[in-house]
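Each remark here refers to the structure printed beneath this line.
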Amino acid sequence: MALTENVLEIRDLVKDFPGVRAVNNVSFDIKRNTVHCLVGENGAGKSTLIKILTGAYMRTSGLIRLNGEEYNPHSTRDAKQKGISTLFQELNVVDQLTIEENLTLGMEDTTFGFLRHTDKINKIVGVMNSIEPSLKPRQLVSSLSVAKKQIVEIAKAVAAESNIIIMDEPTAAISESEIARLFTIIKNLRATNVTVIYISHRLDEIFEIGDYVTVMRDGMHVETKPVSQIQDRSELIKMMIGKTVFEQYTPREGHCEDTILQVKHLSNHQLSDVSFDVHAGEIAGFYGLVGAGKTELARAIYGADAYEGDILFKGKKLQLGPDKAIASGIALVPEERRSQGLFTILTIRSNVPVMNMAKISRGGFINSAMERSATLEYVQKLKIATNSIEKEAAKLSGGNQQKVVLSKCLFADADLLMLDEPTRGIDVGAKSEIYSLIRQLSKEGKTIMIFSSELPEIMNICDSIYLMYDGRLKATLRNGCDIDSEKILHIVTGGE
Amino acid sequence: MENKLERKPAVSTKLSDESFITFFMIGVLIVLFVLACFVVPNFYRTQNMINLVTNNWFYIVLGIGVSFLLITGNFDMSVGGNIALTAVLSVYFCQAATGSPNDLANGLGLPYPVAIGLALLCAMSVGALNAFFIARLKVPSIIVTLGTMMLARGTAQVVTEGAQRNTSLPDVFGMLGSMGIPGTTIKLAVLVMLALVIIALIVEKRTVFGRRIYLIGANPKAARLSGISVERYLTALYILSALLAGIAGILLASEFRSGMSGQATGYEFDALVISLLGGVSIAGGFGSVGGMFVGALILAVVKSSATGLLLSPNWQFTLKGIVTFIAIIAQRYALDKRRG
């Protein structure tokens with residue numbers, strides 16, 4: 001079979017989710033035996049594209065050709081058999097097994113159900129040792145570092161004779177020297193007829209390892225270019241954010257002077273030495289890419305995770321524990337709404353008053369009339385689409401679920417509202433409703449902190465912008481007409 | 001203010017899943033009861049119906065604590081052992097210090113109220129131990145409470161040398177167990193059980209405490225982030241469950257005027273089974289004490305008809321198993337079907 005020049009050809013690919021077109025008419029080619037980088041902001045459609053390639057999602061329409069033949073995987077296993085393996089951020093190794101057992105997992109040779117040691121194992125171990133000679137086949141995987149675990153997965157992919165290995169942010173959790181080692185391995189893979197699709201938020205890596213780069217934005221393909229034809233990071237950043245005109249931010253009238261929250265030298269396993277002040281009545285936006293430490297910062301302030309350093313709210317030091325935070329007047333809308341914010345098997349009526357039961361009870365007894373009217377009030381105020389407050393929260397759409405979580409926090413009557421990814425995964429209509437609610441709350445004098453990985457969201461509604469990278473606070477900006485999104489992206493991708 | 005609202009979402013009149021399950025199990029109870037009336041001689045008699053409740057009061061008392069904990073997503077398997085411990089200790093504390101060479105006839109000679117107070121404290125400390133390991137150290141509840149179940153019963157065995165204590169007891173010791181409504185077989189224990197069930201129903205349905213039990217079971221992470229001190233609630237519930245077992249132990253010891261180390265063997269499983277029959281979900285966040293009460297009656301009908309049919313104890317056990325299994329499968333099937 002004559003090998004085609006392009007190992008993968010994507011034509012007019014579309015993926016629709018309810019209310020959102022995540023991948024919109026994407027077409028590009030990936031050349032054989034190259035390192036092809038895929039970049040874009042959060043929500044640009046990279047992950048969806050990768051999930052289609054690995055068989056986790058079915059495309060809505062469009063065509064993909066692998067080695068010149070139509071490619072339509074129905075599962076990750078199927079994708080692997082057809083030659084596409086993936087190194088996910090959440091590694092797929094089993095800690096309790098040895099390296100050897102991991103390498104042969106799912107394709108063991110057996111006699112009457114008993115494992116047999118065959119040449120196949122020797123061959124796979126041989127493949128692994130050619131990649132990384134220091135690994136011993138009988139070693140337990142739990143004793144390995146993240147970087148070594150990645151190598152075990154790469155070896156597994158190579159042994160499965162994959163044409164293409166997709167790597168999803170492989171350098172997110174490994175050290176500098178391990179990154180260098182990984183890059184050597186990637187270069188060797190390229191020399192041995194493997195195409196690597198490489199996804200990373202660290203733009204410098206693209207220039208170091210990439211042959212081609214494809215930029216995506218808002219679900220669309222922007223450009224595919226040889227990396228050698230790109231001058232520098234800022235050209236790449238321009239392609240990533242494009243000429244998007246952000247919805248105009250209206251500067252607030254008057255200044256917020258009084259400091260309500262002081263964070264001093266905050267450190268924990270994910271944060272290093274974060275210090276800043278938030279003024280009463282302002283909307284403060286914390287922006288950074290995935291893993292920058294935004295969620296960890298919110299959780300630390302809320303007292304959900306332990307930390308070193310001091311957090312002062314209204315001049316008083318905060319104690320650990322969300323119950324203490326709520327009692328002092330802080331409420332959090334957590335990042336994961338279904339697993340952290342919502343009681344999905346309970347009704348809307350049981351969800352809304354949770355954070356302030358005192359308001360609907362007397363002497364420990366719930367007043368059901370007050371409970372119902374309070375719930376109805378929020379259902380109407382936030383326009384939660386439901387025919388009954390006795391509906392289980394699980395049965396609502398994503399946007400309405402988020403409104404229930406917001407109601408919960410508003411019901412707590414907090415002075416400081418922290419919103420972690422308040423509009424993640426919800427449709428455009430609900431999004432703009434939530435934005436106007438945030439503005440409204442700010443007008444009523446509430447202080448609001450938004451933790452988001454969507455830059456337009458931050459630039460659209462926040463008065464001050466705090467930029468995070470790698471667990472540190474890198475810069476603080478005031479929003480206004482001179483705000484520069486390119487500079488922001490430069491900082492949150494690790495530039496100085 | 002409600003009439004000011006323009007578009008008012010209905011306050012649903014549809015049955016909640018919880019009431020549905022309770023009514024479904026009441027239906028199962030009626031069917032089994034009618035069936036038993038045809039098959040088992042004398043089953044329809046009023047006295048037999050009263051016996052169904054009065055002979056099983058202790059399962060229901062245990063079931064209250066066990067159900068509450070199940071709703072939070074936790075097990076309590078230590079309640080049976082805790083009954084034996086409390087029963088034995090209440091006797092030991094109350095037995096006269098006779099100085100007899102027979103150790104089993106020799107107690108501490110404390111006044112009865114002090115003796116039962118101390119015995120209840122010991123029961124509650126078993127609950128506190130459960131709470132420490134489960135709520136604080138996050139050890140799975142099934143492991144911890146299986147451990148404390150053996151610890152409690154083991155202590156009871158040590159105190160009774162593997163047998164029982166029943167001598168040198170003052171007359172007052174038997175009073176609680178023999179009191180009752182004159183002219184009936186309804187004992188004080190049964191009235192205590194009914195009072196506890198009513199209190200539990202009020203707590204479950206009407207109080208903030210009860211609501212938080214469901215919230216913790218429905219999503220412990222969200223409960224914590226919503227400011228509920230999950231640790232404190234679990235601690236309170238484990239101590240409560242142990243206290244209920246302790247009360248049952250005191251009453252049983254008084255009724256038999258004896259503390260037996262083998263008392264209440266296997267009761268933890270019956271308490272679990274009646275909760276499950278009543279629709280309490282082991283996944284947490286769902287169920288009710290009312291359902292558990294119905295579950296207890298179902299189990300009572302099955303046991304009583306097995307006895308009435310003169311089945312051997314071995315077959316009684318098997319029949320109990322089969323009915324439990326079918327009832328729970330039917331219940332889950334009905335719930336799934338209803339939810340679509």
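Order determines the names: the first chain of the structure tokens is A, the second B, and so forth; residues in each chain are numbered 1 upward, and ligands are numbered 1 upward as they are shown.
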Residues of chain A within 8 Å of chain B, counting only C-alpha atoms, as number ranges by chain: A: 304, 321-326, 332, 339-346, 354-355, 357, 361, 364-367, 373, 376, 380, 386-390
Just write the chosen residues, N, CA and C atoms, as a short mmCIF file (atom, residue, chain, number, x, y, z; two decimals), in the first residue's frame.
```
data_model
loop_
_atom_site.label_atom_id
_atom_site.label_comp_id
_atom_site.auth_asym_id
_atom_site.auth_seq_id
_atom_site.Cartn_x
_atom_site.Cartn_y
_atom_site.Cartn_z
N ALA A 304 -12.05 25.66 52.25
CA ALA A 304 -12.29 24.26 51.90
C ALA A 304 -10.99 23.47 51.85
N GLY A 321 -12.67 26.14 57.06
CA GLY A 321 -13.98 25.50 57.06
C GLY A 321 -15.02 26.34 56.34
N PRO A 322 -15.72 25.74 55.34
CA PRO A 322 -16.73 26.49 54.60
C PRO A 322 -17.85 27.02 55.50
N ASP A 323 -18.17 26.28 56.59
CA ASP A 323 -19.24 26.76 57.48
C ASP A 323 -18.85 28.11 58.09
N LYS A 324 -17.54 28.26 58.42
CA LYS A 324 -17.07 29.52 58.99
C LYS A 324 -17.13 30.63 57.94
N ALA A 325 -16.73 30.28 56.71
CA ALA A 325 -16.75 31.28 55.64
C ALA A 325 -18.17 31.79 55.41
N ILE A 326 -19.13 30.86 55.36
CA ILE A 326 -20.52 31.25 55.13
C ILE A 326 -21.01 32.14 56.27
N LEU A 332 -19.63 30.46 47.91
CA LEU A 332 -18.89 29.99 46.74
C LEU A 332 -19.82 29.22 45.80
N SER A 339 -21.10 17.85 40.85
CA SER A 339 -20.51 17.07 41.93
C SER A 339 -20.26 17.90 43.19
N GLN A 340 -20.17 19.24 43.07
CA GLN A 340 -19.84 20.03 44.25
C GLN A 340 -20.91 21.03 44.65
N GLY A 341 -21.79 21.37 43.71
CA GLY A 341 -22.71 22.44 44.01
C GLY A 341 -24.14 22.00 44.25
N LEU A 342 -24.52 20.92 43.56
CA LEU A 342 -25.94 20.59 43.50
C LEU A 342 -26.24 19.28 44.21
N PHE A 343 -27.44 19.20 44.80
CA PHE A 343 -27.91 17.93 45.33
C PHE A 343 -28.86 17.39 44.27
N THR A 344 -28.30 16.66 43.30
CA THR A 344 -29.05 16.36 42.08
C THR A 344 -30.27 15.49 42.35
N ILE A 345 -30.22 14.60 43.35
CA ILE A 345 -31.37 13.71 43.53
C ILE A 345 -32.46 14.38 44.36
N LEU A 346 -32.20 15.58 44.87
CA LEU A 346 -33.22 16.27 45.65
C LEU A 346 -33.92 17.33 44.78
N VAL A 354 -30.45 25.64 51.18
CA VAL A 354 -29.46 24.86 51.93
C VAL A 354 -28.45 25.70 52.71
N MET A 355 -27.97 26.79 52.13
CA MET A 355 -26.88 27.52 52.77
C MET A 355 -27.35 28.50 53.82
N MET A 357 -30.41 27.89 56.23
CA MET A 357 -31.63 27.25 56.72
C MET A 357 -32.29 28.09 57.80
N SER A 361 -36.49 28.61 58.89
CA SER A 361 -36.85 27.77 60.02
C SER A 361 -36.94 28.59 61.29
N GLY A 364 -35.21 25.42 64.77
CA GLY A 364 -34.81 24.12 64.21
C GLY A 364 -35.89 23.45 63.39
N PHE A 365 -37.11 24.01 63.38
CA PHE A 365 -38.18 23.42 62.59
C PHE A 365 -38.37 24.19 61.29
N ILE A 366 -38.42 23.45 60.19
CA ILE A 366 -38.57 24.09 58.89
C ILE A 366 -40.01 24.58 58.72
N ASN A 367 -40.15 25.81 58.29
CA ASN A 367 -41.47 26.35 57.96
C ASN A 367 -41.68 26.15 56.46
N SER A 373 -42.11 29.69 49.46
CA SER A 373 -42.17 31.03 48.87
C SER A 373 -40.76 31.54 48.57
N LEU A 376 -39.73 29.81 45.36
CA LEU A 376 -40.45 30.40 44.23
C LEU A 376 -39.86 31.76 43.86
N GLN A 380 -38.18 32.59 40.18
CA GLN A 380 -38.64 33.65 39.31
C GLN A 380 -37.57 34.71 39.04
N THR A 386 -38.72 25.76 34.92
CA THR A 386 -39.23 24.51 35.45
C THR A 386 -40.73 24.66 35.67
N ASN A 387 -41.44 23.53 35.62
CA ASN A 387 -42.87 23.63 35.84
C ASN A 387 -43.23 23.43 37.31
N SER A 388 -42.24 23.04 38.12
CA SER A 388 -42.53 22.80 39.53
C SER A 388 -41.26 22.92 40.37
N ILE A 389 -41.41 23.45 41.59
CA ILE A 389 -40.23 23.50 42.46
C ILE A 389 -39.97 22.15 43.10
N GLU A 390 -40.85 21.18 42.83
CA GLU A 390 -40.64 19.83 43.35
C GLU A 390 -39.90 18.96 42.34
#
```
Stretch 111-315 of chain A: residues DSSP assigns to strand (DSSP E or B), reported as a count of residues only: 53
If we count only C-alpha atoms, what is near stretch 480-488 of chain A at a cut-off of 12 Å, once residues fewer than 3 positions away on the same chain are taken out, given as an MDAnalysis selection string? chainID A and resid 233:252 286:289 454:456 458:469 474:477 491:496
Filtering to N, CA and C atoms, could you give me those residues as a short mmCIF file (atom, residue, chain, number, x, y, z; two decimals), in the first residue's frame?
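New file part20.cif:
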```
data_model
loop_
_atom_site.label_atom_id
_atom_site.label_comp_id
_atom_site.auth_asym_id
_atom_site.auth_seq_id
_atom_site.Cartn_x
_atom_site.Cartn_y
_atom_site.Cartn_z
N ARG A 233 5.91 34.11 19.50
CA ARG A 233 4.73 33.82 20.30
C ARG A 233 3.58 34.76 20.00
N SER A 234 3.92 36.04 19.84
CA SER A 234 2.82 37.00 19.72
C SER A 234 2.04 36.78 18.43
N GLU A 235 2.71 36.30 17.38
CA GLU A 235 1.97 35.99 16.17
C GLU A 235 0.97 34.86 16.43
N LEU A 236 1.45 33.87 17.19
CA LEU A 236 0.61 32.73 17.53
C LEU A 236 -0.57 33.19 18.38
N ILE A 237 -0.27 34.06 19.35
CA ILE A 237 -1.33 34.55 20.25
C ILE A 237 -2.38 35.32 19.47
N LYS A 238 -1.91 36.13 18.50
CA LYS A 238 -2.86 36.89 17.68
C LYS A 238 -3.81 35.95 16.94
N MET A 239 -3.23 34.84 16.43
CA MET A 239 -4.09 33.89 15.72
C MET A 239 -5.08 33.23 16.68
N MET A 240 -4.65 33.03 17.93
CA MET A 240 -5.52 32.37 18.90
C MET A 240 -6.72 33.23 19.29
N ILE A 241 -6.46 34.52 19.52
CA ILE A 241 -7.58 35.35 19.97
C ILE A 241 -8.25 36.10 18.84
N GLY A 242 -7.55 36.23 17.70
CA GLY A 242 -8.15 36.83 16.52
C GLY A 242 -8.54 38.28 16.74
N LYS A 243 -9.52 38.72 15.97
CA LYS A 243 -9.94 40.11 16.08
C LYS A 243 -11.24 40.20 16.85
N THR A 244 -11.47 39.20 17.70
CA THR A 244 -12.71 39.20 18.47
C THR A 244 -12.90 40.54 19.16
N VAL A 245 -14.02 41.14 18.90
CA VAL A 245 -14.32 42.37 19.63
C VAL A 245 -15.05 41.95 20.89
N PHE A 246 -14.42 42.25 22.01
CA PHE A 246 -15.06 41.88 23.27
C PHE A 246 -16.26 42.77 23.49
N GLU A 247 -17.27 42.21 24.10
CA GLU A 247 -18.43 43.01 24.46
C GLU A 247 -17.91 44.15 25.32
N GLN A 248 -18.40 45.35 25.04
CA GLN A 248 -17.78 46.50 25.68
C GLN A 248 -17.94 46.49 27.19
N TYR A 249 -16.83 46.63 27.86
CA TYR A 249 -16.86 46.75 29.31
C TYR A 249 -17.19 48.20 29.66
N THR A 250 -18.16 48.38 30.54
CA THR A 250 -18.49 49.75 30.97
C THR A 250 -17.84 49.99 32.32
N PRO A 251 -16.90 50.93 32.36
CA PRO A 251 -16.25 51.20 33.64
C PRO A 251 -17.29 51.66 34.66
N ARG A 252 -17.10 51.28 35.92
CA ARG A 252 -18.11 51.63 36.92
C ARG A 252 -17.94 53.08 37.32
N PHE A 286 -10.38 36.62 38.14
CA PHE A 286 -9.12 35.89 38.20
C PHE A 286 -9.03 35.04 36.95
N TYR A 287 -8.01 35.33 36.14
CA TYR A 287 -7.89 34.64 34.86
C TYR A 287 -6.59 33.86 34.79
N GLY A 288 -6.66 32.69 34.23
CA GLY A 288 -5.47 31.87 34.02
C GLY A 288 -5.92 30.63 33.29
N LEU A 289 -4.96 29.88 32.75
CA LEU A 289 -5.32 28.68 32.03
C LEU A 289 -5.61 27.56 33.01
N GLU A 454 -12.17 31.80 30.76
CA GLU A 454 -12.65 32.40 29.52
C GLU A 454 -12.34 33.89 29.55
N LEU A 455 -11.40 34.30 28.71
CA LEU A 455 -10.97 35.69 28.73
C LEU A 455 -12.09 36.68 28.39
N PRO A 456 -12.92 36.40 27.36
CA PRO A 456 -13.98 37.37 27.05
C PRO A 456 -14.88 37.63 28.26
N ILE A 458 -14.06 37.47 31.43
CA ILE A 458 -13.33 38.31 32.38
C ILE A 458 -13.32 39.76 31.90
N MET A 459 -13.02 39.95 30.60
CA MET A 459 -12.87 41.32 30.07
C MET A 459 -14.21 42.04 29.94
N ASN A 460 -15.24 41.25 29.85
CA ASN A 460 -16.57 41.81 29.67
C ASN A 460 -17.15 42.39 30.95
N ILE A 461 -16.93 41.72 32.10
CA ILE A 461 -17.65 42.18 33.30
C ILE A 461 -16.78 42.60 34.47
N CYS A 462 -15.46 42.30 34.44
CA CYS A 462 -14.68 42.53 35.66
C CYS A 462 -14.06 43.93 35.70
N ASP A 463 -14.05 44.53 36.91
CA ASP A 463 -13.44 45.84 37.08
C ASP A 463 -11.93 45.73 37.19
N SER A 464 -11.49 44.69 37.90
CA SER A 464 -10.04 44.48 37.98
C SER A 464 -9.75 43.04 37.59
N ILE A 465 -8.57 42.85 37.03
CA ILE A 465 -8.24 41.54 36.49
C ILE A 465 -6.94 41.06 37.12
N TYR A 466 -6.97 39.86 37.68
CA TYR A 466 -5.81 39.27 38.32
C TYR A 466 -5.37 38.10 37.45
N LEU A 467 -4.10 38.10 37.05
CA LEU A 467 -3.63 37.06 36.13
C LEU A 467 -2.82 36.02 36.88
N MET A 468 -3.15 34.76 36.66
CA MET A 468 -2.46 33.68 37.37
C MET A 468 -1.76 32.75 36.41
N TYR A 469 -0.61 32.25 36.86
CA TYR A 469 0.11 31.23 36.10
C TYR A 469 0.87 30.37 37.10
N LYS A 474 0.47 36.73 38.78
CA LYS A 474 1.53 37.33 37.96
C LYS A 474 1.32 38.82 37.74
N ALA A 475 0.09 39.26 37.71
CA ALA A 475 -0.14 40.68 37.44
C ALA A 475 -1.54 41.06 37.85
N THR A 476 -1.73 42.34 38.14
CA THR A 476 -3.05 42.86 38.45
C THR A 476 -3.29 44.05 37.53
N LEU A 477 -4.41 44.03 36.82
CA LEU A 477 -4.71 45.12 35.88
C LEU A 477 -6.07 45.71 36.21
N ILE A 491 1.07 36.82 29.41
CA ILE A 491 1.39 36.59 30.84
C ILE A 491 0.87 35.23 31.32
N VAL A 492 -0.38 34.90 30.95
CA VAL A 492 -0.92 33.66 31.50
C VAL A 492 -0.38 32.41 30.80
N THR A 493 0.39 32.58 29.73
CA THR A 493 1.05 31.41 29.15
C THR A 493 2.50 31.33 29.59
N GLY A 494 2.86 32.10 30.58
CA GLY A 494 4.19 31.95 31.18
C GLY A 494 5.19 32.99 30.75
N GLY A 495 4.78 33.95 29.87
CA GLY A 495 5.72 34.99 29.45
C GLY A 495 5.91 36.03 30.55
N GLU A 496 6.98 36.75 30.47
CA GLU A 496 7.24 37.76 31.53
C GLU A 496 6.73 39.13 31.10
#
```
Leaving out stretch 208-222 of chain A and any residue of its chain fewer than 2 positions from it, which residues lie within 9 Å of it when counting only C-alpha atoms, given as JSON, numbers by chain? {"A": [14, 15, 21, 22, 23, 24, 25, 26, 27, 28, 30, 31, 34, 35, 36, 37, 38, 39, 40, 41, 42, 43, 44, 45, 46, 48, 49, 183, 186, 187, 198, 204, 205, 206, 224, 225, 226, 227, 228, 236, 239, 240, 241, 242]}
Which polymer residues have any atom within 8 Å of an atom of B:Ser241, counting only C-alpha atoms, with same-chain residues fewer than 3 positions away left out, as a PyMOL selection string? chain B and resi 62+64-66+76+79+127+237-238+244-245
For C-alpha atoms, I'd like the residues from the last selection saved as a short mmCIF file (atom, residue, chain, number, x, y, z; two decimals), in the first residue's frame.
```cif
data_model
loop_
_atom_site.label_atom_id
_atom_site.label_comp_id
_atom_site.auth_asym_id
_atom_site.auth_seq_id
_atom_site.Cartn_x
_atom_site.Cartn_y
_atom_site.Cartn_z
CA LEU B 62 -32.60 -0.08 65.88
CA ILE B 64 -34.41 4.34 63.26
CA GLY B 65 -30.68 4.90 63.79
CA VAL B 66 -29.70 2.53 61.02
CA ASP B 76 -24.08 0.84 61.34
CA VAL B 79 -26.13 -2.12 66.95
CA GLY B 127 -21.01 5.10 68.87
CA LEU B 237 -26.02 10.17 64.32
CA TYR B 238 -23.62 7.38 65.32
CA LEU B 244 -31.11 3.63 70.64
CA ALA B 245 -29.36 0.25 70.74
#
```
